[in-house]
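Undergrad: What follows is the file protein17.pdb, containing PDB, C-alpha atoms:
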MODEL        1
ATOM      1  CA  ASP A 147      77.037 -21.648  22.584
ATOM      2  CA  ILE A 148      78.633 -23.854  25.201
ATOM      3  CA  GLN A 149      76.252 -26.209  26.996
ATOM      4  CA  MET A 150      76.970 -27.280  30.555
ATOM      5  CA  THR A 151      75.583 -30.616  31.713
ATOM      6  CA  GLN A 152      75.595 -31.412  35.397
ATOM      7  CA  SER A 153      75.079 -34.831  36.908
ATOM      8  CA  PRO A 154      73.340 -36.003  38.872
ATOM      9  CA  SER A 155      70.450 -33.535  38.901
ATOM     10  CA  ALA A 156      69.618 -34.613  42.449
ATOM     11  CA  MET A 157      71.049 -36.927  45.051
ATOM     12  CA  SER A 158      70.444 -38.096  48.579
ATOM     13  CA  ALA A 159      73.369 -38.379  50.947
ATOM     14  CA  SER A 160      74.110 -38.709  54.629
ATOM     15  CA  VAL A 161      76.215 -36.544  56.902
ATOM     16  CA  GLY A 162      79.806 -37.677  56.560
ATOM     17  CA  ASP A 163      79.405 -38.994  53.011
ATOM     18  CA  ARG A 164      81.794 -38.115  50.230
ATOM     19  CA  VAL A 165      79.859 -36.375  47.468
ATOM     20  CA  THR A 166      80.955 -35.820  43.882
ATOM     21  CA  ILE A 167      79.138 -33.697  41.321
ATOM     22  CA  THR A 168      80.168 -33.632  37.671
ATOM     23  CA  CYS A 169      79.881 -30.860  35.122
ATOM     24  CA  ARG A 170      80.589 -31.472  31.437
ATOM     25  CA  ALA A 171      81.089 -28.768  28.838
ATOM     26  CA  SER A 172      80.028 -29.247  25.222
ATOM     27  CA  GLN A 173      83.418 -27.897  24.153
ATOM     28  CA  GLY A 174      86.709 -27.139  25.837
ATOM     29  CA  ILE A 175      86.670 -24.296  28.322
ATOM     30  CA  SER A 176      90.208 -24.636  29.738
ATOM     31  CA  ASN A 177      89.759 -24.054  33.466
ATOM     32  CA  TYR A 178      87.193 -21.230  33.215
ATOM     33  CA  LEU A 179      84.757 -23.007  35.463
ATOM     34  CA  ALA A 180      83.209 -21.822  38.731
ATOM     35  CA  TRP A 181      80.998 -23.532  41.291
ATOM     36  CA  PHE A 182      78.224 -21.909  43.351
ATOM     37  CA  GLN A 183      76.107 -23.107  46.267
ATOM     38  CA  GLN A 184      72.533 -21.950  46.758
ATOM     39  CA  LYS A 185      70.303 -22.684  49.721
ATOM     40  CA  PRO A 186      66.516 -22.251  49.485
ATOM     41  CA  GLY A 187      65.517 -18.598  49.481
ATOM     42  CA  LYS A 188      69.127 -17.453  49.577
ATOM     43  CA  VAL A 189      71.536 -15.769  47.201
ATOM     44  CA  PRO A 190      74.039 -18.002  45.379
ATOM     45  CA  LYS A 191      77.405 -18.205  47.086
ATOM     46  CA  PRO A 192      80.650 -18.655  45.161
ATOM     47  CA  LEU A 193      82.657 -21.719  46.188
ATOM     48  CA  ILE A 194      85.350 -22.384  43.608
ATOM     49  CA  TYR A 195      86.975 -20.443  40.747
ATOM     50  CA  THR A 196      89.190 -21.516  37.883
ATOM     51  CA  ALA A 197      88.027 -25.088  38.416
ATOM     52  CA  SER A 198      90.017 -25.727  41.577
ATOM     53  CA  SER A 199      90.685 -22.505  43.546
ATOM     54  CA  LEU A 200      88.704 -22.242  46.748
ATOM     55  CA  GLN A 201      86.979 -18.941  47.403
ATOM     56  CA  SER A 202      88.151 -17.275  50.602
ATOM     57  CA  GLY A 203      86.236 -18.565  53.620
ATOM     58  CA  VAL A 204      84.987 -21.752  51.980
ATOM     59  CA  PRO A 205      85.695 -24.867  54.079
ATOM     60  CA  SER A 206      88.494 -27.110  52.874
ATOM     61  CA  ARG A 207      86.135 -30.099  52.598
ATOM     62  CA  PHE A 208      85.116 -28.543  49.259
ATOM     63  CA  SER A 209      87.416 -29.125  46.310
ATOM     64  CA  GLY A 210      87.239 -28.825  42.558
ATOM     65  CA  SER A 211      89.129 -30.428  39.738
ATOM     66  CA  GLY A 212      89.143 -30.770  35.987
ATOM     67  CA  SER A 213      90.068 -28.986  32.820
ATOM     68  CA  GLY A 214      88.853 -28.890  29.259
ATOM     69  CA  THR A 215      85.400 -30.450  29.217
ATOM     70  CA  GLU A 216      85.019 -32.416  32.442
ATOM     71  CA  PHE A 217      84.956 -31.008  35.944
ATOM     72  CA  THR A 218      84.074 -32.237  39.406
ATOM     73  CA  LEU A 219      83.059 -30.673  42.694
ATOM     74  CA  THR A 220      83.798 -32.881  45.691
ATOM     75  CA  ILE A 221      82.638 -32.520  49.270
ATOM     76  CA  SER A 222      84.896 -34.815  51.266
ATOM     77  CA  SER A 223      82.643 -35.185  54.304
ATOM     78  CA  LEU A 224      79.132 -33.799  53.918
ATOM     79  CA  GLN A 225      77.994 -31.547  56.732
ATOM     80  CA  PRO A 226      74.408 -30.543  57.633
ATOM     81  CA  GLU A 227      74.956 -27.031  56.281
ATOM     82  CA  ASP A 228      76.013 -28.420  52.885
ATOM     83  CA  PHE A 229      72.533 -29.554  51.887
ATOM     84  CA  ALA A 230      71.831 -27.188  49.019
ATOM     85  CA  THR A 231      71.787 -26.898  45.237
ATOM     86  CA  TYR A 232      75.111 -26.600  43.436
ATOM     87  CA  TYR A 233      75.668 -24.963  40.044
ATOM     88  CA  CYS A 234      78.627 -24.869  37.714
ATOM     89  CA  LEU A 235      79.251 -21.880  35.457
ATOM     90  CA  GLN A 236      81.475 -21.621  32.407
ATOM     91  CA  HIS A 237      83.009 -18.219  31.758
ATOM     92  CA  ASN A 238      85.360 -19.186  28.955
ATOM     93  CA  SER A 239      83.225 -17.263  26.494
ATOM     94  CA  PHE A 240      79.967 -15.376  26.168
ATOM     95  CA  PRO A 241      77.191 -16.321  26.520
ATOM     96  CA  ARG A 242      78.090 -17.602  29.956
ATOM     97  CA  THR A 243      76.181 -20.734  30.835
ATOM     98  CA  PHE A 244      75.234 -22.420  34.088
ATOM     99  CA  GLY A 245      74.670 -26.093  34.575
ATOM    100  CA  GLN A 246      71.114 -27.047  35.463
ATOM    101  CA  GLY A 247      72.013 -27.605  39.109
ATOM    102  CA  THR A 248      72.467 -30.541  41.462
ATOM    103  CA  LYS A 249      70.254 -30.696  44.532
ATOM    104  CA  VAL A 250      71.902 -32.461  47.455
ATOM    105  CA  GLU A 251      69.271 -33.709  49.884
ATOM    106  CA  ILE A 252      69.395 -35.478  53.214
ATOM    107  CA  LYS A 253      69.075 -39.269  53.046
TER     108      LYS A 253
ATOM    109  CA  GLU B 249      82.302  -4.263  52.307
ATOM    110  CA  VAL B 250      80.812  -4.855  48.871
ATOM    111  CA  HIS B 251      77.113  -4.116  48.675
ATOM    112  CA  LEU B 252      74.798  -4.498  45.687
ATOM    113  CA  LEU B 253      71.202  -3.310  45.944
ATOM    114  CA  GLU B 254      68.728  -4.014  43.173
ATOM    115  CA  SER B 255      65.534  -2.078  42.610
ATOM    116  CA  GLY B 256      62.857  -1.638  39.979
ATOM    117  CA  GLY B 257      61.195  -5.028  40.015
ATOM    118  CA  GLY B 258      57.455  -5.504  40.174
ATOM    119  CA  LEU B 259      54.366  -6.663  38.327
ATOM    120  CA  VAL B 260      54.124  -5.808  34.642
ATOM    121  CA  GLN B 261      51.764  -6.899  31.901
ATOM    122  CA  PRO B 262      52.993  -8.956  28.946
ATOM    123  CA  GLY B 263      54.512  -6.651  26.356
ATOM    124  CA  GLY B 264      55.404  -4.066  28.973
ATOM    125  CA  SER B 265      58.753  -2.682  30.078
ATOM    126  CA  LEU B 266      60.722  -2.397  33.290
ATOM    127  CA  ARG B 267      64.055  -0.861  34.173
ATOM    128  CA  LEU B 268      66.062  -2.555  36.885
ATOM    129  CA  SER B 269      68.820  -0.743  38.725
ATOM    130  CA  CYS B 270      71.656  -1.969  40.883
ATOM    131  CA  ALA B 271      73.401   0.441  43.226
ATOM    132  CA  ALA B 272      76.913  -0.624  44.125
ATOM    133  CA  SER B 273      79.128   0.371  47.030
ATOM    134  CA  GLY B 274      82.221  -0.790  48.855
ATOM    135  CA  PHE B 275      84.501  -1.122  45.835
ATOM    136  CA  THR B 276      85.799   0.911  42.898
ATOM    137  CA  PHE B 277      82.807   0.345  40.641
ATOM    138  CA  SER B 278      84.408   1.566  37.427
ATOM    139  CA  ASN B 279      87.110  -1.119  37.621
ATOM    140  CA  TYR B 280      84.847  -4.170  37.457
ATOM    141  CA  ASP B 281      82.567  -5.882  34.988
ATOM    142  CA  MET B 282      78.963  -6.143  36.162
ATOM    143  CA  GLY B 283      76.182  -8.499  35.218
ATOM    144  CA  TRP B 284      72.675  -9.797  35.748
ATOM    145  CA  VAL B 285      71.597 -13.353  36.505
ATOM    146  CA  ARG B 286      67.982 -14.463  36.799
ATOM    147  CA  GLN B 287      66.180 -17.365  38.394
ATOM    148  CA  ALA B 288      62.635 -18.294  37.449
ATOM    149  CA  PRO B 289      60.462 -19.712  40.261
ATOM    150  CA  GLY B 290      61.698 -23.174  41.204
ATOM    151  CA  GLN B 291      64.250 -23.157  38.392
ATOM    152  CA  GLY B 292      68.008 -22.861  38.012
ATOM    153  CA  LEU B 293      70.277 -19.905  37.451
ATOM    154  CA  GLU B 294      70.387 -18.234  34.039
ATOM    155  CA  TRP B 295      73.010 -15.675  32.999
ATOM    156  CA  VAL B 296      71.307 -12.659  31.419
ATOM    157  CA  SER B 297      73.877 -10.014  30.558
ATOM    158  CA  THR B 298      77.291  -8.533  31.358
ATOM    159  CA  ILE B 299      78.815  -5.102  30.766
ATOM    160  CA  SER B 300      82.554  -4.633  30.810
ATOM    161  CA  SER B 301      84.383  -2.069  32.895
ATOM    162  CA  SER B 302      86.920  -1.134  30.255
ATOM    163  CA  ASP B 303      84.982  -0.159  27.132
ATOM    164  CA  HIS B 304      81.422  -0.882  28.296
ATOM    165  CA  SER B 305      81.124  -3.783  25.866
ATOM    166  CA  THR B 306      77.844  -5.609  26.379
ATOM    167  CA  TYR B 307      76.920  -9.277  26.182
ATOM    168  CA  TYR B 308      73.512 -10.954  26.286
ATOM    169  CA  ALA B 309      71.919 -14.365  26.515
ATOM    170  CA  ASP B 310      70.686 -15.521  23.114
ATOM    171  CA  SER B 311      67.200 -16.087  24.532
ATOM    172  CA  LEU B 312      66.705 -12.359  25.076
ATOM    173  CA  LYS B 313      66.757 -11.627  21.337
ATOM    174  CA  GLY B 314      67.466  -7.924  21.642
ATOM    175  CA  ARG B 315      64.732  -7.145  24.186
ATOM    176  CA  PHE B 316      67.078  -6.305  27.072
ATOM    177  CA  THR B 317      69.739  -3.585  27.286
ATOM    178  CA  ILE B 318      72.392  -3.343  29.979
ATOM    179  CA  SER B 319      74.111  -0.061  30.787
ATOM    180  CA  ARG B 320      76.220   1.453  33.528
ATOM    181  CA  ASP B 321      76.768   4.883  35.030
ATOM    182  CA  ASN B 322      80.168   4.983  36.672
ATOM    183  CA  SER B 323      79.485   8.447  38.099
ATOM    184  CA  LYS B 324      76.602   6.981  40.112
ATOM    185  CA  ASN B 325      78.026   3.485  40.704
ATOM    186  CA  THR B 326      74.943   2.015  39.098
ATOM    187  CA  VAL B 327      74.169  -0.638  36.515
ATOM    188  CA  HIS B 328      70.818  -0.851  34.775
ATOM    189  CA  LEU B 329      68.865  -3.475  32.877
ATOM    190  CA  GLN B 330      66.200  -2.119  30.534
ATOM    191  CA  MET B 331      63.720  -4.880  29.762
ATOM    192  CA  ASN B 332      61.236  -4.443  26.905
ATOM    193  CA  SER B 333      58.544  -6.625  25.324
ATOM    194  CA  LEU B 334      58.349  -8.654  28.508
ATOM    195  CA  ARG B 335      56.927 -12.150  28.412
ATOM    196  CA  ALA B 336      55.572 -14.512  31.053
ATOM    197  CA  GLU B 337      58.790 -16.540  30.793
ATOM    198  CA  ASP B 338      60.782 -13.492  31.952
ATOM    199  CA  THR B 339      59.195 -13.860  35.388
ATOM    200  CA  ALA B 340      62.106 -14.382  37.756
ATOM    201  CA  ILE B 341      64.255 -12.991  40.509
ATOM    202  CA  TYR B 342      66.883 -10.814  38.870
ATOM    203  CA  TYR B 343      70.229 -10.691  40.648
ATOM    204  CA  CYS B 344      72.920  -8.079  40.088
ATOM    205  CA  ALA B 345      76.386  -9.579  40.367
ATOM    206  CA  LYS B 346      79.924  -8.310  40.241
ATOM    207  CA  ASP B 347      82.926  -9.859  38.532
ATOM    208  CA  HIS B 348      86.373  -9.629  40.043
ATOM    209  CA  SER B 349      89.822  -9.777  38.565
ATOM    210  CA  ASP B 350      93.264  -9.351  40.034
ATOM    211  CA  SER B 351      96.765 -10.714  39.621
ATOM    212  CA  SER B 352      95.527 -14.120  40.784
ATOM    213  CA  GLY B 353      92.898 -14.499  38.140
ATOM    214  CA  PHE B 354      89.338 -13.796  37.118
ATOM    215  CA  TYR B 355      86.367 -14.555  39.344
ATOM    216  CA  PRO B 356      82.864 -14.280  37.881
ATOM    217  CA  PHE B 357      80.049 -13.230  40.203
ATOM    218  CA  ASP B 358      82.099 -12.944  43.377
ATOM    219  CA  HIS B 359      79.388 -10.795  44.974
ATOM    220  CA  TRP B 360      75.611 -10.832  44.490
ATOM    221  CA  GLY B 361      72.743  -8.563  45.410
ATOM    222  CA  GLN B 362      69.650  -9.869  47.164
ATOM    223  CA  GLY B 363      67.666  -9.806  43.936
ATOM    224  CA  THR B 364      64.509  -8.110  42.723
ATOM    225  CA  LEU B 365      61.401  -9.996  41.629
ATOM    226  CA  VAL B 366      59.947  -9.364  38.208
ATOM    227  CA  THR B 367      56.494 -10.809  37.551
ATOM    228  CA  VAL B 368      55.048 -10.662  34.043
ATOM    229  CA  SER B 369      51.344 -11.376  34.145
ATOM    230  CA  SER B 370      48.036  -9.940  33.010
TER     231      SER B 370
ENDMDL
END
Mind turning the file's structure into structure tokens?

TA:
Amino acid sequence: DIQMTQSPSAMSASVGDRVTITCRASQGISNYLAWFQQKPGKVPKPLIYTASSLQSGVPSRFSGSGSGTEFTLTISSLQPEDFATYYCLQHNSFPRTFGQGTKVEIK
Amino acid sequence: EVHLLESGGGLVQPGGSLRLSCAASGFTFSNYDMGWVRQAPGQGLEWVSTISSSDHSTYYADSLKGRFTISRDNSKNTVHLQMNSLRAEDTAIYYCAKDHSDSSGFYPFDHWGQGTLVTVSS
């Protein structure tokens, strides 16, 4: 099975900061990597597909990059509504696996 | 508008069974793979199972060890998750989620239901 390791597991940041979250796969997954945002008590929301394609309606301050085993989610200028937990998901093969999540908190 | 509505959650004793259902609307159900994702209290997301649209192939998380069965009824636009031999560690919110594919690519879990809570406790 493919293991997905996210880092950091939590971080504190200020509004306007540039934030980068990393997801590493235990083996190559091409670009079959998605990112989701989840706010407390809410349903996960898709942000990015195929490593770098922005889901319709997602602000352009979000971007994704990477291929193979290393991927990043970047928020160019953190906004108040971006404080949430972010998950990566590999869908290169079954079983699909999520990263453990990165909680972005207000500094 | 895509809408996914889960039902069937509740309190069950260890060793018991539950059948979750997800009623779908707003899209051509038979054309898309469907799946379940769960989230234990205070924990992260865990993929549970997926059923394909084409040949109804099924896929499961290794941790389930044959206790769960996913199925779909295209005539009723519904996907089910039969859960047997339930354990305390199966306690979670269970989300129904839809995959999407088109000429641009494949998008896992592009829409989610609100979830249904399963609590396994004596």

Undergrad: Which chain B residues have any atom within 8 Å of an atom of chain A, and for each, what is the nearest pair of atoms with distance in Å to one decimal, counting all atoms listed in the file, rows sorted by chain and number, as a Markdown table?

TA:
| residue | atom | partner | partner_atom | distance |
| --- | --- | --- | --- | --- |
| B:Gly292 | CA | A:Gln246 | CA | 5.8 |
| B:Leu293 | CA | A:Phe244 | CA | 6.5 |
| B:Glu294 | CA | A:Phe244 | CA | 6.4 |
| B:Trp295 | CA | A:Arg242 | CA | 6.2 |
| B:Tyr307 | CA | A:Phe240 | CA | 6.8 |
| B:Tyr308 | CA | A:Pro241 | CA | 6.5 |
| B:Ala309 | CA | A:Pro241 | CA | 5.6 |
| B:Asp310 | CA | A:Pro241 | CA | 7.4 |
| B:Gly353 | CA | A:Thr196 | CA | 7.9 |
| B:Phe354 | CA | A:Thr196 | CA | 7.8 |
| B:Tyr355 | CA | A:Tyr195 | CA | 6.1 |
| B:Pro356 | CA | A:His237 | CA | 7.3 |
| B:Phe357 | CA | A:Pro192 | CA | 7.4 |
| B:Asp358 | CA | A:Pro192 | CA | 6.2 |
| B:His359 | CA | A:Lys191 | CA | 8.0 |
| B:Trp360 | CA | A:Val189 | CA | 7.0 |
| B:Gly361 | CA | A:Val189 | CA | 7.5 |
| B:Gln362 | CA | A:Val189 | CA | 6.2 |
| B:Gly363 | CA | A:Val189 | CA | 7.8 |

Undergrad: Quick one: distance from CA of Val204 in chain A to CA of Ser222 in chain A in Å, one decimal?

TA: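 One can read the CA of Val204 in chain A to CA of Ser222 in chain A distance as 13.1 Å.
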
Undergrad: Apply the PyMOL selection byres ((chain B and resi 315-328) around 6) to the file shown and report the selected residues as a PyMOL selection string.

TA: chain B and resi 268-272+277-278+312-314+329-332

Undergrad: In Å, how far is it from CA of Thr215 in chain A to CA of Gln149 in chain A?

TA: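 Distance between the two atoms: 10.3 Å.
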
Undergrad: So that all listed atoms of range 263-266 of chain B fit with 4 Å spare on each side, what axis-aligned box centre and edge lengths in Å, to one decimal, would you give as AutoDock Vina command-line options?

TA:
--center_x 57.6 --center_y -4.5 --center_z 29.8 --size_x 14.2 --size_y 12.3 --size_z 14.9

Undergrad: Taking the file above as input, evaluate the PyMOL selection byres ((chain A and resi 218) around 9) and report the hits as a list in words.

TA: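 So the PyMOL selection byres ((chain A and resi 218) around 9) ends up selecting Thr166, Ile167, Thr168, Cys169, Arg170, Ala197, Ser209, Gly210, Ser211, Gly212, Glu216, Phe217, Leu219 and Thr220 of chain A.
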
Undergrad: I need the residue set behind the PyMOL selection byres ((chain A and resi 157-162) around 6) for this file; please write it as a PDB file with C-alpha atoms, in the coordinates of the input.

TA:
ATOM      1  CA  ALA A 156      69.618 -34.613  42.449  1.00  0.00           C
ATOM      2  CA  ASP A 163      79.405 -38.994  53.011  1.00  0.00           C
ATOM      3  CA  SER A 223      82.643 -35.185  54.304  1.00  0.00           C
ATOM      4  CA  LEU A 224      79.132 -33.799  53.918  1.00  0.00           C
ATOM      5  CA  GLN A 225      77.994 -31.547  56.732  1.00  0.00           C
ATOM      6  CA  VAL A 250      71.902 -32.461  47.455  1.00  0.00           C
ATOM      7  CA  GLU A 251      69.271 -33.709  49.884  1.00  0.00           C
ATOM      8  CA  ILE A 252      69.395 -35.478  53.214  1.00  0.00           C
ATOM      9  CA  LYS A 253      69.075 -39.269  53.046  1.00  0.00           C
TER      10      LYS A 253
END

Undergrad: So how far away is CA of Ser311 in chain B from CA of Ala171 in chain A, in Å?

TA: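 Straight-line distance from CA of Ala171 in chain A to CA of Ser311 in chain B works out to 19.3 Å.
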
Undergrad: Could you write range 148-159 of chain A as a PDB file, keeping the file's coordinate frame, with N, CA, C and O atoms rebuilt where they are missing?

TA:
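Below you can see selection01.pdb, which holds the result:
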ATOM      1  N   ILE A 148      78.140 -22.726  24.426  1.00  0.00           N
ATOM      2  CA  ILE A 148      78.633 -23.854  25.201  1.00  0.00           C
ATOM      3  C   ILE A 148      77.547 -24.336  26.162  1.00  0.00           C
ATOM      4  O   ILE A 148      76.998 -23.542  26.931  1.00  0.00           O
ATOM      5  N   GLN A 149      77.242 -25.615  26.099  1.00  0.00           N
ATOM      6  CA  GLN A 149      76.252 -26.209  26.996  1.00  0.00           C
ATOM      7  C   GLN A 149      76.980 -26.868  28.161  1.00  0.00           C
ATOM      8  O   GLN A 149      78.003 -27.519  27.977  1.00  0.00           O
ATOM      9  N   MET A 150      76.413 -26.681  29.348  1.00  0.00           N
ATOM     10  CA  MET A 150      76.970 -27.280  30.555  1.00  0.00           C
ATOM     11  C   MET A 150      75.986 -28.304  31.099  1.00  0.00           C
ATOM     12  O   MET A 150      74.821 -27.982  31.365  1.00  0.00           O
ATOM     13  N   THR A 151      76.443 -29.539  31.246  1.00  0.00           N
ATOM     14  CA  THR A 151      75.583 -30.616  31.713  1.00  0.00           C
ATOM     15  C   THR A 151      76.084 -31.116  33.054  1.00  0.00           C
ATOM     16  O   THR A 151      77.207 -31.616  33.153  1.00  0.00           O
ATOM     17  N   GLN A 152      75.249 -30.964  34.067  1.00  0.00           N
ATOM     18  CA  GLN A 152      75.595 -31.412  35.397  1.00  0.00           C
ATOM     19  C   GLN A 152      74.969 -32.761  35.682  1.00  0.00           C
ATOM     20  O   GLN A 152      73.852 -33.047  35.244  1.00  0.00           O
ATOM     21  N   SER A 153      75.660 -33.573  36.458  1.00  0.00           N
ATOM     22  CA  SER A 153      75.079 -34.831  36.908  1.00  0.00           C
ATOM     23  C   SER A 153      75.604 -35.169  38.301  1.00  0.00           C
ATOM     24  O   SER A 153      76.755 -34.859  38.624  1.00  0.00           O
ATOM     25  N   PRO A 154      74.759 -35.781  39.149  1.00  0.00           N
ATOM     26  CA  PRO A 154      73.340 -36.003  38.872  1.00  0.00           C
ATOM     27  C   PRO A 154      72.551 -34.703  39.029  1.00  0.00           C
ATOM     28  O   PRO A 154      73.109 -33.701  39.495  1.00  0.00           O
ATOM     29  N   SER A 155      71.283 -34.719  38.697  1.00  0.00           N
ATOM     30  CA  SER A 155      70.450 -33.535  38.901  1.00  0.00           C
ATOM     31  C   SER A 155      70.003 -33.445  40.362  1.00  0.00           C
ATOM     32  O   SER A 155      69.700 -32.366  40.862  1.00  0.00           O
ATOM     33  N   ALA A 156      69.948 -34.576  41.028  1.00  0.00           N
ATOM     34  CA  ALA A 156      69.618 -34.613  42.449  1.00  0.00           C
ATOM     35  C   ALA A 156      70.227 -35.859  43.061  1.00  0.00           C
ATOM     36  O   ALA A 156      70.460 -36.854  42.367  1.00  0.00           O
ATOM     37  N   MET A 157      70.485 -35.780  44.358  1.00  0.00           N
ATOM     38  CA  MET A 157      71.049 -36.927  45.051  1.00  0.00           C
ATOM     39  C   MET A 157      70.703 -36.856  46.527  1.00  0.00           C
ATOM     40  O   MET A 157      70.488 -35.763  47.073  1.00  0.00           O
ATOM     41  N   SER A 158      70.640 -38.012  47.142  1.00  0.00           N
ATOM     42  CA  SER A 158      70.444 -38.096  48.579  1.00  0.00           C
ATOM     43  C   SER A 158      71.724 -38.610  49.212  1.00  0.00           C
ATOM     44  O   SER A 158      72.327 -39.563  48.699  1.00  0.00           O
ATOM     45  N   ALA A 159      72.133 -37.988  50.284  1.00  0.00           N
ATOM     46  CA  ALA A 159      73.369 -38.379  50.947  1.00  0.00           C
ATOM     47  C   ALA A 159      73.238 -38.161  52.441  1.00  0.00           C
ATOM     48  O   ALA A 159      72.365 -37.410  52.898  1.00  0.00           O
TER      49      ALA A 159
END
